[in-house]
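Beneath this line is the structure, given in C-alpha cells, with notes to follow.
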Amino acid sequence: MDFSHRRCLLTVAATAVVTAAVTTVVTPVLFARSTTTPGNGRDVRATSVILINGDGMAAAHREAARLYLAGLDGRLAMDRLPVSGQLTTSPHDPSAAVTDSAAAATAWATGVRTYNGATGVDVDGRPLAVLGQQAKAAGKSTGLVTTAQVTDASPAAFFSRTADRSAQDEIARQYLTFSRPDVILGGGEDWWLPRGTPGAWPDRPAEDSSEGSRGTRGDLVEQARRDGYHYVSSAEQLASAPRGRLLGLFANEEMFQQRPEGEGDVYAPPVDLATMTGKALDILGSNRKGFFLLVEEEGVDEFSHHNNATRVLQSMRSLERTVEVARAYVAAHPDTLLVVTGDHECGGLTVENTSDTDESGSAPSTEDGPFPVHGSTLRFVMDWTTTGHTGVDVPVTAEGPLAELFTGKHPNTHLHDVLARALGI
C-alpha cells in the first residue's frame, strides 16, 4: 500500500510516547444505543458487529465484479444487503486531500479524521480511543482477519495507536499489550520475529527475496504463546485450532504477490479469507456479550495500485465469498450488524464497453481486459486512470440492527458513530 506521510512526520520515538500515554481521549458518540427493527418485524438489539473492508474498493470495482461474477441481471451478495448509502473518504492532512488507508481506518475506528500515515492518533499525534480496544473493555470479544499483514494500516487503526503506520512491529506489540484482540489472522509474520530469526515462513523466499523477519520488539510469537494465544501458520493448523485466543500468520508479508500482470503476480492465499472469517466467527461468537470483527480483503487495493484487473477480480471473488459467510452468520444471529464498504478508491477505475476506436491501452490511462460478462456473450474492459488513490465516495451496504443509519451520504466518521452505538460504546 502507499505511504503518503505527513511532512515532519512524528518519529518512531514519538510512537513510544503515544504508546506510553495513559490519558484516554474519549470520542463522543452522537447518539445513545437503542433497539431497532429489522425487516422481520422483531425488535432486536445490536450485540455484535462485523465490518468488512474491501481495501481500495469503490463503485466501479463492485460493478466490474458484478458483471464478471453474477452477470447483467445478477447481484453480488454485498449488494444484496438491504441498506445502502455513501461515505466520503477525505483525511485531515495539511498536505493531502486524498486519504491513505491509515487515515481512512482511523476515521472509522475513532470518529476523528487525521493525517495520512497515522493509526489511532489525531493530527497532533495524540492517542485516541480506538474501537477494538473499547469493545474489549466493554466485555466483548474482538478479532481481525486480513489478507494483508495483520499489522497493516487498516487493522492497526482499530487496535493500536502509532504516529507512523510503518512501525508494524510496534503495532504487533500493542496488540499483545494494549488492545489484546482474541483472534488475529492474516499475513505479516516478518514483523513478529527479530531479524535473522525466521519462523514458519522462511526468509528470502523465491517469490520475493526481499521478505524476511525484521522485528525490533523481540520474539512476539513466543510472547503471544505465553499470553495464551494458540499459534498457527497453515490451513490444517487453523482448521484444528481450539476455541480461545488465536494468532495465525500465513505469510511473511501480504498473503499474495502484488505486482503488475505477468511479472510474478500471484493471488493464491495459503488460507482464503472466507475460511479465516468463518473460524473467527466460530470463536468470537461464543461470547454471549457479543463481539467486534474487522475483516479486510487487501488484494483489491494492492492490485489496483498495479492496474492489474485480473487479480483485482480474483480478490473481489474472495471478498464476495467472505460476505456470503458473514451473511449466513447474520441470518442465524440477527443481533449482528454487518457492514460492507471500502476505505477509499484506488486506481481511478471505470468500467467500459470494448471498442477498437477507444484508447490504445497504454499508460497513463490503461485499459485492462476484455473480461466476459457472466452468462453472456458480452465483454467489458476495466479502464484505469491512476496507480494511486482517488478521493471519490465509496458505497456502503449493511444489514442487521442499526443498518438503516447508513442510508444517504455521510462522512467516513459516521461509520464509527454507528459501530460505536451498535457495540454499546
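Identifiers in the C-alpha cells: chain A, B, ... in order shown; residue index from 1 per chain; ligand index from 1 in order shown.
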Find the residues near stretch 336-349 of chain A: any atom within 7 Å, counting only C-alpha atoms, skip ones fewer than 6 places away on the same chain, and give them as a PyMOL selection string. chain A and resi 46-58+60+78+89+101+104-105+301+304-305+307+330+382-392+394-401+403
For the selection you just gave me, I'd like the residues written to a file as a CSV table (one decimal), in the first residue's frame, keeping N, CA and C atoms.
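Heads up, here's the output in result08.csv:
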```csv
chain,number,residue,atom,x,y,z
A,46,ALA,N,-28.7,-4.5,18.9
A,46,ALA,CA,-27.4,-4.8,18.4
A,46,ALA,C,-26.5,-5.4,19.5
A,47,THR,N,-25.8,-6.5,19.2
A,47,THR,CA,-24.9,-7.1,20.2
A,47,THR,C,-23.5,-7.1,19.6
A,48,SER,N,-23.4,-7.6,18.3
A,48,SER,CA,-22.1,-7.8,17.6
A,48,SER,C,-22.0,-7.0,16.3
A,49,VAL,N,-20.8,-6.8,15.9
A,49,VAL,CA,-20.6,-6.1,14.6
A,49,VAL,C,-19.5,-6.8,13.8
A,50,ILE,N,-19.8,-7.0,12.5
A,50,ILE,CA,-18.9,-7.5,11.5
A,50,ILE,C,-18.7,-6.3,10.5
A,51,LEU,N,-17.5,-5.8,10.4
A,51,LEU,CA,-17.1,-4.8,9.5
A,51,LEU,C,-16.2,-5.4,8.4
A,52,ILE,N,-16.7,-5.4,7.1
A,52,ILE,CA,-15.9,-5.9,6.0
A,52,ILE,C,-15.4,-4.8,5.2
A,53,ASN,N,-14.1,-4.7,5.0
A,53,ASN,CA,-13.4,-3.6,4.3
A,53,ASN,C,-12.8,-4.2,3.0
A,54,GLY,N,-13.3,-3.8,1.9
A,54,GLY,CA,-12.6,-4.1,0.6
A,54,GLY,C,-11.7,-3.0,0.4
A,55,ASP,N,-10.5,-3.1,0.8
A,55,ASP,CA,-9.5,-2.0,0.8
A,55,ASP,C,-9.3,-1.5,-0.7
A,56,GLY,N,-9.5,-0.3,-0.9
A,56,GLY,CA,-9.4,0.3,-2.2
A,56,GLY,C,-10.6,0.1,-3.1
A,57,MET,N,-11.7,-0.4,-2.6
A,57,MET,CA,-12.9,-0.8,-3.4
A,57,MET,C,-13.9,0.4,-3.4
A,58,ALA,N,-14.3,0.8,-4.6
A,58,ALA,CA,-15.4,1.7,-4.7
A,58,ALA,C,-16.4,1.2,-5.7
A,60,ALA,N,-17.0,1.3,-9.0
A,60,ALA,CA,-16.6,0.6,-10.2
A,60,ALA,C,-16.0,-0.8,-10.0
A,78,MET,N,-22.7,-8.7,-1.5
A,78,MET,CA,-22.5,-7.5,-0.8
A,78,MET,C,-23.5,-6.4,-1.3
A,89,THR,N,-14.4,10.1,1.9
A,89,THR,CA,-13.1,9.4,2.3
A,89,THR,C,-12.0,10.4,2.7
A,101,SER,N,-4.8,4.5,3.6
A,101,SER,CA,-5.6,3.6,4.4
A,101,SER,C,-5.5,3.8,5.9
A,104,ALA,N,-7.9,6.7,6.7
A,104,ALA,CA,-9.3,6.3,6.5
A,104,ALA,C,-9.7,5.4,7.6
A,105,ALA,N,-8.9,4.4,8.0
A,105,ALA,CA,-9.3,3.5,9.0
A,105,ALA,C,-9.4,4.2,10.4
A,301,ASP,N,-7.0,-3.4,-3.3
A,301,ASP,CA,-6.1,-2.2,-3.3
A,301,ASP,C,-4.8,-2.4,-3.9
A,304,SER,N,-5.0,-3.0,-7.6
A,304,SER,CA,-5.4,-1.7,-8.2
A,304,SER,C,-4.2,-0.8,-8.4
A,305,HIS,N,-3.3,-0.8,-7.4
A,305,HIS,CA,-2.1,0.1,-7.5
A,305,HIS,C,-1.3,-0.3,-8.7
A,307,ASN,N,-2.7,-1.6,-11.4
A,307,ASN,CA,-3.6,-1.7,-12.6
A,307,ASN,C,-3.8,-3.1,-13.1
A,330,VAL,N,-25.1,-13.8,10.1
A,330,VAL,CA,-26.2,-12.8,10.5
A,330,VAL,C,-27.6,-13.4,10.4
A,382,MET,N,-11.8,-2.9,-18.1
A,382,MET,CA,-11.6,-2.1,-16.9
A,382,MET,C,-10.5,-1.1,-17.2
A,383,ASP,N,-10.9,0.2,-17.1
A,383,ASP,CA,-10.0,1.3,-17.5
A,383,ASP,C,-9.5,2.0,-16.3
A,384,TRP,N,-8.2,2.0,-16.2
A,384,TRP,CA,-7.5,2.7,-15.0
A,384,TRP,C,-7.1,4.1,-15.4
A,385,THR,N,-7.1,5.0,-14.5
A,385,THR,CA,-6.6,6.4,-14.8
A,385,THR,C,-5.5,6.8,-13.9
A,386,THR,N,-5.1,6.0,-12.9
A,386,THR,CA,-4.0,6.3,-12.0
A,386,THR,C,-3.6,5.0,-11.3
A,387,THR,N,-2.4,5.0,-10.8
A,387,THR,CA,-2.0,3.9,-9.9
A,387,THR,C,-2.1,4.2,-8.4
A,388,GLY,N,-2.7,5.4,-8.1
A,388,GLY,CA,-2.8,5.8,-6.8
A,388,GLY,C,-4.3,5.8,-6.3
A,389,HIS,N,-4.5,6.4,-5.1
A,389,HIS,CA,-5.8,6.5,-4.6
A,389,HIS,C,-6.5,7.7,-5.2
A,390,THR,N,-7.9,7.7,-5.2
A,390,THR,CA,-8.6,8.9,-5.6
A,390,THR,C,-9.5,9.3,-4.5
A,391,GLY,N,-10.2,10.5,-4.6
A,391,GLY,CA,-11.0,11.0,-3.5
A,391,GLY,C,-12.5,10.8,-3.6
A,392,VAL,N,-12.9,9.9,-4.5
A,392,VAL,CA,-14.3,9.7,-4.7
A,392,VAL,C,-15.0,9.0,-3.5
A,394,VAL,N,-17.3,6.2,-1.5
A,394,VAL,CA,-17.4,4.8,-1.6
A,394,VAL,C,-18.8,4.3,-1.2
A,395,PRO,N,-19.3,3.3,-1.8
A,395,PRO,CA,-20.6,2.8,-1.4
A,395,PRO,C,-20.5,2.0,-0.1
A,396,VAL,N,-21.5,2.0,0.7
A,396,VAL,CA,-21.6,1.2,1.9
A,396,VAL,C,-22.9,0.5,1.9
A,397,THR,N,-22.9,-0.8,2.2
A,397,THR,CA,-24.2,-1.6,2.3
A,397,THR,C,-24.2,-2.3,3.7
A,398,ALA,N,-25.4,-2.5,4.2
A,398,ALA,CA,-25.4,-3.1,5.5
A,398,ALA,C,-26.7,-3.8,5.8
A,399,GLU,N,-26.7,-4.7,6.8
A,399,GLU,CA,-27.9,-5.3,7.3
A,399,GLU,C,-27.8,-5.6,8.7
A,400,GLY,N,-28.9,-5.8,9.4
A,400,GLY,CA,-28.9,-6.0,10.8
A,400,GLY,C,-29.3,-4.8,11.6
A,401,PRO,N,-29.3,-4.9,12.9
A,401,PRO,CA,-29.7,-3.7,13.8
A,401,PRO,C,-28.9,-2.5,13.4
A,403,ALA,N,-28.7,-0.8,10.7
A,403,ALA,CA,-28.2,-0.7,9.4
A,403,ALA,C,-28.9,0.5,8.7
```
Return as a PyMOL selection string the full set of residues in stretch 81-181 of chain A whose backbone-based DSSP assignment is strand (DSSP E). chain A and resi 83-87+141-149
So that I have them on file, write out the residues from the current selection with N, CA and C atoms, as an mmCIF file, in the first residue's frame.
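Written file, part.cif:
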```
data_model
loop_
_atom_site.group_PDB
_atom_site.id
_atom_site.type_symbol
_atom_site.label_atom_id
_atom_site.label_comp_id
_atom_site.auth_asym_id
_atom_site.auth_seq_id
_atom_site.Cartn_x
_atom_site.Cartn_y
_atom_site.Cartn_z
ATOM 1 N N VAL A 83 -29.688 -2.294 2.974
ATOM 2 C CA VAL A 83 -29.490 -0.849 3.164
ATOM 3 C C VAL A 83 -28.232 -0.418 2.435
ATOM 4 N N SER A 84 -28.306 0.711 1.748
ATOM 5 C CA SER A 84 -27.127 1.221 1.047
ATOM 6 C C SER A 84 -27.013 2.723 1.211
ATOM 7 N N GLY A 85 -25.782 3.208 1.109
ATOM 8 C CA GLY A 85 -25.510 4.635 1.198
ATOM 9 C C GLY A 85 -24.138 4.933 0.641
ATOM 10 N N GLN A 86 -23.624 6.098 0.963
ATOM 11 C CA GLN A 86 -22.307 6.517 0.513
ATOM 12 C C GLN A 86 -21.522 7.110 1.674
ATOM 13 N N LEU A 87 -20.201 6.945 1.615
ATOM 14 C CA LEU A 87 -19.304 7.544 2.595
ATOM 15 C C LEU A 87 -18.251 8.370 1.874
ATOM 16 N N SER A 141 -15.758 -9.870 22.767
ATOM 17 C CA SER A 141 -14.605 -10.455 22.106
ATOM 18 C C SER A 141 -14.279 -9.626 20.874
ATOM 19 N N THR A 142 -13.026 -9.646 20.452
ATOM 20 C CA THR A 142 -12.615 -8.850 19.303
ATOM 21 C C THR A 142 -11.703 -9.667 18.405
ATOM 22 N N GLY A 143 -11.685 -9.304 17.126
ATOM 23 C CA GLY A 143 -10.816 -10.012 16.205
ATOM 24 C C GLY A 143 -10.572 -9.237 14.936
ATOM 25 N N LEU A 144 -9.518 -9.622 14.219
ATOM 26 C CA LEU A 144 -9.197 -9.044 12.927
ATOM 27 C C LEU A 144 -8.747 -10.153 11.988
ATOM 28 N N VAL A 145 -9.207 -10.051 10.745
ATOM 29 C CA VAL A 145 -8.880 -11.013 9.704
ATOM 30 C C VAL A 145 -8.533 -10.224 8.456
ATOM 31 N N THR A 146 -7.413 -10.523 7.825
ATOM 32 C CA THR A 146 -6.997 -9.760 6.650
ATOM 33 C C THR A 146 -6.086 -10.604 5.773
ATOM 34 N N THR A 147 -6.067 -10.286 4.478
ATOM 35 C CA THR A 147 -5.093 -10.900 3.583
ATOM 36 C C THR A 147 -3.823 -10.070 3.492
ATOM 37 N N ALA A 148 -3.777 -8.927 4.183
ATOM 38 C CA ALA A 148 -2.555 -8.137 4.318
ATOM 39 C C ALA A 148 -1.786 -8.622 5.535
ATOM 40 N N GLN A 149 -0.727 -7.919 5.898
ATOM 41 C CA GLN A 149 -0.112 -8.146 7.199
ATOM 42 C C GLN A 149 -1.155 -7.810 8.267
#
```
Non-local contacts of stretch 189-206 of chain A (9 Å; only C-alpha atoms; under 5 positions in same chain excluded) as a ChimeraX atom specification: /A:149-151,168-170,172-173,211-222,233-234,248-253
If we count only C-alpha atoms, what is near A:Arg62 at a cut-off of 9 Å, once residues fewer than 3 positions away on the same chain are taken out, given as a PyMOL selection string? chain A and resi 57-59+65-67+76+78-79+316
Saved selection, atoms kept: N, CA, C and O atoms, as a tab-separated table (two decimals), in the first residue's frame:
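Once everything was written out, this is result30.tsv:
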```tsv
chain	number	residue	atom	x	y	z
A	57	MET	N	-11.71	-0.40	-2.56
A	57	MET	CA	-12.90	-0.75	-3.35
A	57	MET	C	-13.92	0.37	-3.37
A	57	MET	O	-14.36	0.85	-2.32
A	58	ALA	N	-14.30	0.79	-4.57
A	58	ALA	CA	-15.39	1.74	-4.72
A	58	ALA	C	-16.41	1.18	-5.70
A	58	ALA	O	-16.43	-0.03	-5.98
A	59	ALA	N	-17.28	2.03	-6.24
A	59	ALA	CA	-18.41	1.56	-7.03
A	59	ALA	C	-17.99	0.79	-8.27
A	59	ALA	O	-18.60	-0.22	-8.63
A	65	ALA	N	-16.95	-6.53	-10.67
A	65	ALA	CA	-17.13	-7.85	-10.05
A	65	ALA	C	-18.53	-8.38	-10.30
A	65	ALA	O	-18.71	-9.59	-10.53
A	66	ARG	N	-19.52	-7.51	-10.27
A	66	ARG	CA	-20.90	-7.96	-10.54
A	66	ARG	C	-21.01	-8.52	-11.95
A	66	ARG	O	-21.58	-9.61	-12.15
A	67	LEU	N	-20.50	-7.80	-12.93
A	67	LEU	CA	-20.56	-8.29	-14.31
A	67	LEU	C	-19.82	-9.61	-14.46
A	67	LEU	O	-20.31	-10.54	-15.10
A	76	LEU	N	-24.36	-9.11	-6.53
A	76	LEU	CA	-23.40	-9.63	-5.58
A	76	LEU	C	-24.05	-9.76	-4.21
A	76	LEU	O	-24.99	-9.03	-3.87
A	78	MET	N	-22.74	-8.74	-1.52
A	78	MET	CA	-22.51	-7.47	-0.83
A	78	MET	C	-23.50	-6.41	-1.26
A	78	MET	O	-23.75	-5.45	-0.52
A	79	ASP	N	-24.08	-6.55	-2.46
A	79	ASP	CA	-25.07	-5.59	-2.94
A	79	ASP	C	-26.49	-6.02	-2.63
A	79	ASP	O	-27.44	-5.25	-2.87
A	316	MET	N	-11.83	-9.68	-5.58
A	316	MET	CA	-13.26	-9.40	-5.38
A	316	MET	C	-14.05	-10.70	-5.21
A	316	MET	O	-15.01	-10.74	-4.43
```
What is the distance, in Å and to one decimal place, between atom CA of A:Val323 and atom CA of A:Asp152? 21.1 Å
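Nearest residue to A:Thr366, choosing from A:Leu294, A:Ala103, A:Leu402, A:Val351 and counting only C-alpha atoms: A:Val351.
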For a test of reading the model, state the distance in Å between atom CA of A:Leu378 and atom CA of A:Arg321, rounded to one decimal. 24.2 Å
From the list A:Lys136, A:Pro370, A:Val232, A:Asp265, which residue is nearest A:His306 when using only C-alpha atoms? A:Asp265
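When atom CA of A:Gln134 is paired with atom CA of A:Leu185, their separation reads 20.0 Å.
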Stretch 310-381 of chain A: which residues are helix (DSSP H, G or I) by DSSP, as JSON, numbers by chain? {"A": [310, 311, 312, 313, 314, 315, 316, 317, 318, 319, 320, 321, 322, 323, 324, 325, 326, 327, 328, 329, 330, 331, 332]}
Just the residues within 10 Å of A:Pro411, please, counting only C-alpha atoms, with nothing from its chain fewer than 4 positions along; format it as an mmCIF file with N, CA, C and O atoms, in the first residue's frame.
```
data_model
loop_
_atom_site.group_PDB
_atom_site.id
_atom_site.type_symbol
_atom_site.label_atom_id
_atom_site.label_comp_id
_atom_site.auth_asym_id
_atom_site.auth_seq_id
_atom_site.Cartn_x
_atom_site.Cartn_y
_atom_site.Cartn_z
ATOM 1 N N GLN A 86 -23.624 6.098 0.963
ATOM 2 C CA GLN A 86 -22.307 6.517 0.513
ATOM 3 C C GLN A 86 -21.522 7.110 1.674
ATOM 4 O O GLN A 86 -22.096 7.719 2.583
ATOM 5 N N LEU A 87 -20.201 6.945 1.615
ATOM 6 C CA LEU A 87 -19.304 7.544 2.595
ATOM 7 C C LEU A 87 -18.251 8.370 1.874
ATOM 8 O O LEU A 87 -17.723 7.966 0.835
ATOM 9 N N THR A 88 -17.943 9.535 2.421
ATOM 10 C CA THR A 88 -16.800 10.299 1.925
ATOM 11 C C THR A 88 -15.518 9.649 2.435
ATOM 12 O O THR A 88 -15.546 8.774 3.304
ATOM 13 N N THR A 89 -14.379 10.090 1.915
ATOM 14 C CA THR A 89 -13.116 9.447 2.295
ATOM 15 C C THR A 89 -12.018 10.427 2.673
ATOM 16 O O THR A 89 -10.884 10.013 2.908
ATOM 17 N N SER A 90 -12.312 11.717 2.755
ATOM 18 C CA SER A 90 -11.256 12.716 2.946
ATOM 19 C C SER A 90 -10.536 12.567 4.275
ATOM 20 O O SER A 90 -11.173 12.326 5.309
ATOM 21 N N ALA A 107 -10.369 7.219 10.912
ATOM 22 C CA ALA A 107 -11.671 7.889 10.953
ATOM 23 C C ALA A 107 -12.765 6.911 11.355
ATOM 24 O O ALA A 107 -13.667 7.231 12.138
ATOM 25 N N TRP A 108 -12.688 5.679 10.821
ATOM 26 C CA TRP A 108 -13.662 4.646 11.192
ATOM 27 C C TRP A 108 -13.514 4.220 12.647
ATOM 28 O O TRP A 108 -14.493 4.001 13.345
ATOM 29 N N GLY A 111 -13.622 8.035 14.968
ATOM 30 C CA GLY A 111 -14.531 9.153 14.728
ATOM 31 C C GLY A 111 -13.807 10.467 14.528
ATOM 32 O O GLY A 111 -14.440 11.520 14.462
ATOM 33 N N ARG A 113 -10.898 12.443 12.052
ATOM 34 C CA ARG A 113 -10.072 12.412 10.848
ATOM 35 C C ARG A 113 -8.650 12.880 11.193
ATOM 36 O O ARG A 113 -8.462 13.765 12.033
ATOM 37 N N ASP A 393 -16.312 9.160 -3.430
ATOM 38 C CA ASP A 393 -17.056 8.479 -2.383
ATOM 39 C C ASP A 393 -17.025 6.968 -2.608
ATOM 40 O O ASP A 393 -16.783 6.484 -3.717
ATOM 41 N N LEU A 415 -19.388 6.138 10.074
ATOM 42 C CA LEU A 415 -19.288 4.700 10.288
ATOM 43 C C LEU A 415 -18.883 4.406 11.724
ATOM 44 O O LEU A 415 -19.431 3.501 12.370
ATOM 45 N N HIS A 416 -17.933 5.175 12.237
ATOM 46 C CA HIS A 416 -17.533 4.998 13.636
ATOM 47 C C HIS A 416 -18.715 5.185 14.571
ATOM 48 O O HIS A 416 -18.930 4.395 15.502
#
```
Using only C-alpha atoms, the best pick from A:Ala274, A:Ala135, A:Ala118, A:Leu81 as closest to A:Asp93 would be A:Ala118
